[in-house]
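To be precise, the following lines are coords-v3.pdb, and they hold PDB, C-alpha atoms.
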ATOM      1  CA  MET L   1     -16.949   5.993 -18.158
ATOM      2  CA  ASN L   2     -19.515   5.417 -15.435
ATOM      3  CA  THR L   3     -18.780   6.957 -12.072
ATOM      4  CA  PRO L   4     -19.310   4.397  -9.314
ATOM      5  CA  THR L   5     -22.123   5.266  -6.952
ATOM      6  CA  ARG L   6     -21.469   2.509  -4.428
ATOM      7  CA  ILE L   7     -18.373   0.877  -3.020
ATOM      8  CA  THR L   8     -19.582  -2.390  -4.543
ATOM      9  CA  ASP L   9     -19.005  -1.194  -8.113
ATOM     10  CA  CYS L  10     -15.998   1.061  -7.802
ATOM     11  CA  PRO L  11     -12.482   0.480  -9.164
ATOM     12  CA  GLU L  12     -10.470  -2.266  -7.449
ATOM     13  CA  ARG L  13      -8.005   0.020  -5.695
ATOM     14  CA  GLN L  14     -10.759   2.191  -4.257
ATOM     15  CA  MET L  15     -12.565  -0.934  -3.055
ATOM     16  CA  LEU L  16      -9.434  -2.384  -1.415
ATOM     17  CA  GLU L  17      -8.595   0.906   0.302
ATOM     18  CA  TYR L  18     -12.177   1.278   1.508
ATOM     19  CA  MET L  19     -12.220  -2.268   2.937
ATOM     20  CA  LEU L  20      -8.855  -1.753   4.637
ATOM     21  CA  ASP L  21     -10.002   1.515   6.191
ATOM     22  CA  HIS L  22     -13.259  -0.173   7.238
ATOM     23  CA  THR L  23     -11.431  -3.006   9.030
ATOM     24  CA  ARG L  24      -9.093  -0.490  10.669
ATOM     25  CA  ALA L  25     -12.125   1.410  12.005
ATOM     26  CA  GLU L  26     -13.812  -1.815  13.136
ATOM     27  CA  LEU L  27     -10.722  -2.789  15.141
ATOM     28  CA  ILE L  28     -10.539   0.632  16.788
ATOM     29  CA  ASP L  29     -14.255   0.487  17.618
ATOM     30  CA  THR L  30     -13.735  -2.733  19.587
ATOM     31  CA  VAL L  31     -11.666  -0.876  22.202
ATOM     32  CA  ARG L  32     -13.365   2.530  22.214
ATOM     33  CA  GLY L  33     -15.325   2.985  25.388
ATOM     34  CA  LEU L  34     -13.524   0.216  27.270
ATOM     35  CA  SER L  35     -11.935   1.220  30.540
ATOM     36  CA  GLU L  36      -8.174   0.864  30.846
ATOM     37  CA  THR L  37      -8.766  -2.206  33.033
ATOM     38  CA  GLU L  38     -11.252  -3.802  30.623
ATOM     39  CA  SER L  39      -8.945  -3.250  27.645
ATOM     40  CA  ARG L  40      -6.097  -5.076  29.430
ATOM     41  CA  ARG L  41      -8.064  -8.025  30.835
ATOM     42  CA  ARG L  42      -6.655 -11.393  29.830
ATOM     43  CA  LEU L  43      -9.709 -13.536  29.195
ATOM     44  CA  VAL L  44      -8.042 -16.288  27.150
ATOM     45  CA  PRO L  45      -5.000 -18.468  27.923
ATOM     46  CA  SER L  46      -2.735 -16.430  25.619
ATOM     47  CA  MET L  47      -1.483 -12.901  26.334
ATOM     48  CA  THR L  48      -4.153 -11.509  23.958
ATOM     49  CA  THR L  49      -5.986  -8.394  25.151
ATOM     50  CA  SER L  50      -8.163  -5.914  23.289
ATOM     51  CA  ILE L  51      -5.618  -3.125  23.640
ATOM     52  CA  GLY L  52      -2.825  -5.526  22.675
ATOM     53  CA  LEU L  53      -4.586  -6.376  19.408
ATOM     54  CA  VAL L  54      -4.631  -2.696  18.416
ATOM     55  CA  LYS L  55      -0.988  -2.320  19.467
ATOM     56  CA  HIS L  56      -0.101  -5.305  17.282
ATOM     57  CA  ALA L  57      -2.049  -3.822  14.347
ATOM     58  CA  ALA L  58       0.128  -0.682  14.536
ATOM     59  CA  PHE L  59       3.192  -2.930  14.323
ATOM     60  CA  ALA L  60       1.703  -4.713  11.286
ATOM     61  CA  GLU L  61       1.118  -1.370   9.554
ATOM     62  CA  ARG L  62       4.747  -0.368  10.155
ATOM     63  CA  LYS L  63       6.136  -3.758   9.131
ATOM     64  CA  TRP L  64       4.226  -4.094   5.880
ATOM     65  CA  PHE L  65       3.940  -0.490   4.694
ATOM     66  CA  GLN L  66       6.983   1.307   6.116
ATOM     67  CA  HIS L  67       9.488  -1.560   6.072
ATOM     68  CA  ILE L  68       8.417  -3.900   3.255
ATOM     69  CA  LEU L  69       6.572  -1.579   0.859
ATOM     70  CA  GLY L  70       8.436   1.652   1.657
ATOM     71  CA  GLY L  71      11.836   0.004   2.026
ATOM     72  CA  LEU L  72      12.702   1.688   5.323
ATOM     73  CA  PRO L  73      15.144  -0.118   7.603
ATOM     74  CA  GLU L  74      13.339  -1.316  10.735
ATOM     75  CA  SER L  75      15.402   1.154  12.780
ATOM     76  CA  GLU L  76      13.817   4.037  10.810
ATOM     77  CA  CYS L  77      10.203   2.909  11.199
ATOM     78  CA  ASP L  78       7.922   4.949  13.459
ATOM     79  CA  GLY L  79       7.739   2.505  16.346
ATOM     80  CA  ALA L  80       8.599  -0.863  17.791
ATOM     81  CA  MET L  81       9.317  -3.617  15.271
ATOM     82  CA  VAL L  82       9.398  -6.635  17.570
ATOM     83  CA  GLY L  83       7.002  -9.367  16.364
ATOM     84  CA  GLU L  84       5.208 -11.170  19.203
ATOM     85  CA  ALA L  85       6.203  -8.502  21.724
ATOM     86  CA  SER L  86       4.086  -6.136  19.605
ATOM     87  CA  PHE L  87       1.034  -7.304  21.598
ATOM     88  CA  VAL L  88       2.538  -5.981  24.845
ATOM     89  CA  VAL L  89       1.260  -2.622  26.067
ATOM     90  CA  SER L  90       3.239  -0.796  28.724
ATOM     91  CA  ASP L  91       1.583   0.374  31.928
ATOM     92  CA  HIS L  92       1.928   4.035  30.940
ATOM     93  CA  GLU L  93       0.135   3.619  27.582
ATOM     94  CA  THR L  94      -3.588   4.313  27.535
ATOM     95  CA  VAL L  95      -6.286   3.090  25.171
ATOM     96  CA  ALA L  96      -6.234   6.554  23.584
ATOM     97  CA  ASP L  97      -2.435   6.366  23.172
ATOM     98  CA  VAL L  98      -2.593   2.985  21.449
ATOM     99  CA  ILE L  99      -5.456   4.056  19.162
ATOM    100  CA  ALA L 100      -3.461   7.177  18.239
ATOM    101  CA  GLU L 101      -0.380   5.033  17.520
ATOM    102  CA  PHE L 102      -2.434   2.795  15.216
ATOM    103  CA  GLU L 103      -3.997   5.799  13.467
ATOM    104  CA  ARG L 104      -0.549   7.369  12.899
ATOM    105  CA  ALA L 105       0.758   4.105  11.449
ATOM    106  CA  SER L 106      -2.352   3.798   9.254
ATOM    107  CA  ASN L 107      -1.991   7.359   7.979
ATOM    108  CA  ARG L 108       1.650   6.752   7.130
ATOM    109  CA  ALA L 109       0.696   3.506   5.374
ATOM    110  CA  ARG L 110      -1.827   5.402   3.228
ATOM    111  CA  THR L 111       0.812   7.975   2.313
ATOM    112  CA  ILE L 112       3.407   5.348   1.388
ATOM    113  CA  ALA L 113       0.962   3.289  -0.682
ATOM    114  CA  ALA L 114      -0.687   6.252  -2.442
ATOM    115  CA  ASP L 115       1.670   6.415  -5.422
ATOM    116  CA  ILE L 116       2.465   2.718  -5.691
ATOM    117  CA  ASP L 117       0.691   0.556  -8.273
ATOM    118  CA  LEU L 118      -1.309  -2.424  -7.005
ATOM    119  CA  ASP L 119       0.892  -4.729  -9.098
ATOM    120  CA  ALA L 120       4.163  -3.274  -7.773
ATOM    121  CA  THR L 121       6.148  -5.941  -5.941
ATOM    122  CA  ARG L 122       8.577  -6.047  -3.073
ATOM    123  CA  GLY L 123      10.578  -8.844  -1.519
ATOM    124  CA  HIS L 124       9.694 -10.342   1.844
ATOM    125  CA  PRO L 125      12.119 -12.674   3.656
ATOM    126  CA  ALA L 126       9.467 -15.320   4.402
ATOM    127  CA  PHE L 127       6.811 -14.826   1.702
ATOM    128  CA  GLY L 128       9.030 -14.029  -1.269
ATOM    129  CA  THR L 129       7.656 -11.559  -3.785
ATOM    130  CA  VAL L 130       4.498  -9.743  -2.677
ATOM    131  CA  SER L 131       2.424  -7.086  -4.433
ATOM    132  CA  LEU L 132       0.716  -4.075  -2.905
ATOM    133  CA  ARG L 133      -2.576  -5.803  -3.751
ATOM    134  CA  TRP L 134      -1.488  -8.816  -1.680
ATOM    135  CA  ILE L 135      -0.429  -6.559   1.215
ATOM    136  CA  TYR L 136      -3.840  -4.844   1.158
ATOM    137  CA  LEU L 137      -5.608  -8.207   1.241
ATOM    138  CA  LEU L 138      -3.357  -9.474   4.039
ATOM    139  CA  MET L 139      -4.014  -6.393   6.184
ATOM    140  CA  ILE L 140      -7.785  -6.577   5.559
ATOM    141  CA  GLN L 141      -7.756 -10.220   6.637
ATOM    142  CA  GLU L 142      -5.538  -9.580   9.663
ATOM    143  CA  PHE L 143      -7.453  -6.569  10.967
ATOM    144  CA  ALA L 144     -10.840  -8.258  10.408
ATOM    145  CA  ARG L 145      -9.654 -11.334  12.337
ATOM    146  CA  HIS L 146      -8.306  -9.205  15.187
ATOM    147  CA  ALA L 147     -11.514  -7.138  15.301
ATOM    148  CA  GLY L 148     -13.422 -10.410  15.729
ATOM    149  CA  HIS L 149     -11.098 -11.501  18.514
ATOM    150  CA  SER L 150     -11.466  -8.154  20.246
ATOM    151  CA  ASP L 151     -15.271  -8.225  19.858
ATOM    152  CA  ILE L 152     -15.326 -11.520  21.735
ATOM    153  CA  LEU L 153     -13.012 -10.171  24.462
ATOM    154  CA  ARG L 154     -15.199  -7.070  24.764
ATOM    155  CA  GLU L 155     -18.305  -9.256  25.081
ATOM    156  CA  GLN L 156     -16.609 -11.241  27.850
ATOM    157  CA  THR L 157     -15.999  -8.038  29.834
ATOM    158  CA  GLY L 158     -19.713  -7.328  29.741
ATOM    159  CA  ALA L 159     -19.157  -4.078  27.847
ATOM    160  CA  THR L 160     -21.515  -3.424  24.985
ATOM    161  CA  ARG L 161     -20.209  -2.274  21.636
ATOM    162  CA  ARG L 162     -21.129   1.143  20.398
ATOM    163  CA  THR L 163     -22.897   1.159  17.046
TER     164      THR L 163
END

Output the file's structure as structure tokens, nothing else.
Amino acid sequence: MNTPTRITDCPERQMLEYMLDHTRAELIDTVRGLSETESRRRLVPSMTTSIGLVKHAAFAERKWFQHILGGLPESECDGAMVGEASFVVSDHETVADVIAEFERASNRARTIAADIDLDATRGHPAFGTVSLRWIYLLMIQEFARHAGHSDILREQTGATRRT
């Protein structure tokens, strides 16, 4: 068996986990270096803010990995499980706090998913039967979209993105 030397020719699971971790990091990078004020600026008609996008991503991690994949009741998940309100960041939470919340949720998601086969399925009240593979793809898509939104918000603040 050939050992993959690049992410482009590695086994599917490794590729999916790499891409998910990459989009997680991209989302975090959109808020790193922003001031507390910049991260909370509403620059579009909706309530969307850069810090709110990361807060929502932590909710998505808990919802899909702790609740759906891990089977935990919402009351036993590590944080708030309240849909649209998941974008709301309290006045006492800092950018660092919200990044840490997202990283904790991501770490727990990795732990929960580690021993579950990509083809393993769970029930979802709206989507029906979903596999871990589908959850990975959904989270990659969601975090990539939110990173794009946050990049645009960051650009509107005049802050440059670290590379």

To verify the selection step, state as a PDB file with C-alpha atoms, in the coordinates of the input which residues the PyMOL selection byres ((chain L and resi 118-131) around 12) yields on this input.
ATOM      1  CA  PRO L  11     -12.482   0.480  -9.164  1.00  0.00           C
ATOM      2  CA  GLU L  12     -10.470  -2.266  -7.449  1.00  0.00           C
ATOM      3  CA  ARG L  13      -8.005   0.020  -5.695  1.00  0.00           C
ATOM      4  CA  GLN L  14     -10.759   2.191  -4.257  1.00  0.00           C
ATOM      5  CA  LEU L  16      -9.434  -2.384  -1.415  1.00  0.00           C
ATOM      6  CA  GLU L  17      -8.595   0.906   0.302  1.00  0.00           C
ATOM      7  CA  LYS L  63       6.136  -3.758   9.131  1.00  0.00           C
ATOM      8  CA  TRP L  64       4.226  -4.094   5.880  1.00  0.00           C
ATOM      9  CA  PHE L  65       3.940  -0.490   4.694  1.00  0.00           C
ATOM     10  CA  GLN L  66       6.983   1.307   6.116  1.00  0.00           C
ATOM     11  CA  HIS L  67       9.488  -1.560   6.072  1.00  0.00           C
ATOM     12  CA  ILE L  68       8.417  -3.900   3.255  1.00  0.00           C
ATOM     13  CA  LEU L  69       6.572  -1.579   0.859  1.00  0.00           C
ATOM     14  CA  GLY L  70       8.436   1.652   1.657  1.00  0.00           C
ATOM     15  CA  GLY L  71      11.836   0.004   2.026  1.00  0.00           C
ATOM     16  CA  ALA L 113       0.962   3.289  -0.682  1.00  0.00           C
ATOM     17  CA  ALA L 114      -0.687   6.252  -2.442  1.00  0.00           C
ATOM     18  CA  ASP L 115       1.670   6.415  -5.422  1.00  0.00           C
ATOM     19  CA  ILE L 116       2.465   2.718  -5.691  1.00  0.00           C
ATOM     20  CA  ASP L 117       0.691   0.556  -8.273  1.00  0.00           C
ATOM     21  CA  LEU L 132       0.716  -4.075  -2.905  1.00  0.00           C
ATOM     22  CA  ARG L 133      -2.576  -5.803  -3.751  1.00  0.00           C
ATOM     23  CA  TRP L 134      -1.488  -8.816  -1.680  1.00  0.00           C
ATOM     24  CA  ILE L 135      -0.429  -6.559   1.215  1.00  0.00           C
ATOM     25  CA  TYR L 136      -3.840  -4.844   1.158  1.00  0.00           C
ATOM     26  CA  LEU L 137      -5.608  -8.207   1.241  1.00  0.00           C
ATOM     27  CA  LEU L 138      -3.357  -9.474   4.039  1.00  0.00           C
TER      28      LEU L 138
END

Note to self: Taking 5 positions as the minimum chain separation for residues in the same chain, which residues sit within 9 Å of segment 75-87 of chain L when counting all atoms listed in the file? Answer as number ranges by chain.
What the structure shows: L: 47-49, 51-60, 62-63, 66-67, 101, 104-105

Would you put the residues from that selection into a file with C-alpha atoms, as an mmCIF file, in the frame of the given file?
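Result saved to out-v9.cif:
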data_model
loop_
_atom_site.group_PDB
_atom_site.id
_atom_site.type_symbol
_atom_site.label_atom_id
_atom_site.label_comp_id
_atom_site.auth_asym_id
_atom_site.auth_seq_id
_atom_site.Cartn_x
_atom_site.Cartn_y
_atom_site.Cartn_z
ATOM 1 C CA MET L 47 -1.483 -12.901 26.334
ATOM 2 C CA THR L 48 -4.153 -11.509 23.958
ATOM 3 C CA THR L 49 -5.986 -8.394 25.151
ATOM 4 C CA ILE L 51 -5.618 -3.125 23.640
ATOM 5 C CA GLY L 52 -2.825 -5.526 22.675
ATOM 6 C CA LEU L 53 -4.586 -6.376 19.408
ATOM 7 C CA VAL L 54 -4.631 -2.696 18.416
ATOM 8 C CA LYS L 55 -0.988 -2.320 19.467
ATOM 9 C CA HIS L 56 -0.101 -5.305 17.282
ATOM 10 C CA ALA L 57 -2.049 -3.822 14.347
ATOM 11 C CA ALA L 58 0.128 -0.682 14.536
ATOM 12 C CA PHE L 59 3.192 -2.930 14.323
ATOM 13 C CA ALA L 60 1.703 -4.713 11.286
ATOM 14 C CA ARG L 62 4.747 -0.368 10.155
ATOM 15 C CA LYS L 63 6.136 -3.758 9.131
ATOM 16 C CA GLN L 66 6.983 1.307 6.116
ATOM 17 C CA HIS L 67 9.488 -1.560 6.072
ATOM 18 C CA GLU L 101 -0.380 5.033 17.520
ATOM 19 C CA ARG L 104 -0.549 7.369 12.899
ATOM 20 C CA ALA L 105 0.758 4.105 11.449
#

Next item on the list: May I ask for the distance between atom CA of Ile7 of chain L and atom CA of Ile140 of chain L, given in Å to one decimal place?
Entry: 15.5 Å

Item checked: Point-to-point distance from atom CA of Ser90 of chain L to atom CA of Ala159 of chain L, Å rounded to tenths -> 22.7 Å

Notebook entry, point to check: Quick one, how far is atom CA of Phe143 of chain L from atom CA of Glu74 of chain L?
Noted result: 21.4 Å

When you look at Glu36 of chain L with a cut-off of 10 Å (counting all atoms listed in the file), what residues show up, excluding the ones that are within fewer than 3 positions of it in the same chain? I need them as an mmCIF file with C-alpha atoms, in the frame of the given file.
data_model
loop_
_atom_site.group_PDB
_atom_site.id
_atom_site.type_symbol
_atom_site.label_atom_id
_atom_site.label_comp_id
_atom_site.auth_asym_id
_atom_site.auth_seq_id
_atom_site.Cartn_x
_atom_site.Cartn_y
_atom_site.Cartn_z
ATOM 1 C CA VAL L 31 -11.666 -0.876 22.202
ATOM 2 C CA GLY L 33 -15.325 2.985 25.388
ATOM 3 C CA SER L 39 -8.945 -3.250 27.645
ATOM 4 C CA ARG L 40 -6.097 -5.076 29.430
ATOM 5 C CA ARG L 41 -8.064 -8.025 30.835
ATOM 6 C CA ILE L 51 -5.618 -3.125 23.640
ATOM 7 C CA ASP L 91 1.583 0.374 31.928
ATOM 8 C CA GLU L 93 0.135 3.619 27.582
ATOM 9 C CA THR L 94 -3.588 4.313 27.535
ATOM 10 C CA VAL L 95 -6.286 3.090 25.171
ATOM 11 C CA ALA L 96 -6.234 6.554 23.584
#

Note to self: I need the residue nearest Tyr18 of chain L from this list: L:Gly148, L:Arg110, L:Gly158, L:Arg32. Use all atoms listed in the file for the distance.
What the structure shows: L:Arg110

Checklist line | Test item: the PyMOL selection byres ((chain L and resi 26) around 10) resolved as a PyMOL selection string | finding: chain L and resi 20-25+27-31+143-144+146-148+150-151

Please dump the current selection as an mmCIF file, in the frame of the given file; keep C-alpha atoms.
data_model
loop_
_atom_site.group_PDB
_atom_site.id
_atom_site.type_symbol
_atom_site.label_atom_id
_atom_site.label_comp_id
_atom_site.auth_asym_id
_atom_site.auth_seq_id
_atom_site.Cartn_x
_atom_site.Cartn_y
_atom_site.Cartn_z
ATOM 1 C CA LEU L 20 -8.855 -1.753 4.637
ATOM 2 C CA ASP L 21 -10.002 1.515 6.191
ATOM 3 C CA HIS L 22 -13.259 -0.173 7.238
ATOM 4 C CA THR L 23 -11.431 -3.006 9.030
ATOM 5 C CA ARG L 24 -9.093 -0.490 10.669
ATOM 6 C CA ALA L 25 -12.125 1.410 12.005
ATOM 7 C CA LEU L 27 -10.722 -2.789 15.141
ATOM 8 C CA ILE L 28 -10.539 0.632 16.788
ATOM 9 C CA ASP L 29 -14.255 0.487 17.618
ATOM 10 C CA THR L 30 -13.735 -2.733 19.587
ATOM 11 C CA VAL L 31 -11.666 -0.876 22.202
ATOM 12 C CA PHE L 143 -7.453 -6.569 10.967
ATOM 13 C CA ALA L 144 -10.840 -8.258 10.408
ATOM 14 C CA HIS L 146 -8.306 -9.205 15.187
ATOM 15 C CA ALA L 147 -11.514 -7.138 15.301
ATOM 16 C CA GLY L 148 -13.422 -10.410 15.729
ATOM 17 C CA SER L 150 -11.466 -8.154 20.246
ATOM 18 C CA ASP L 151 -15.271 -8.225 19.858
#
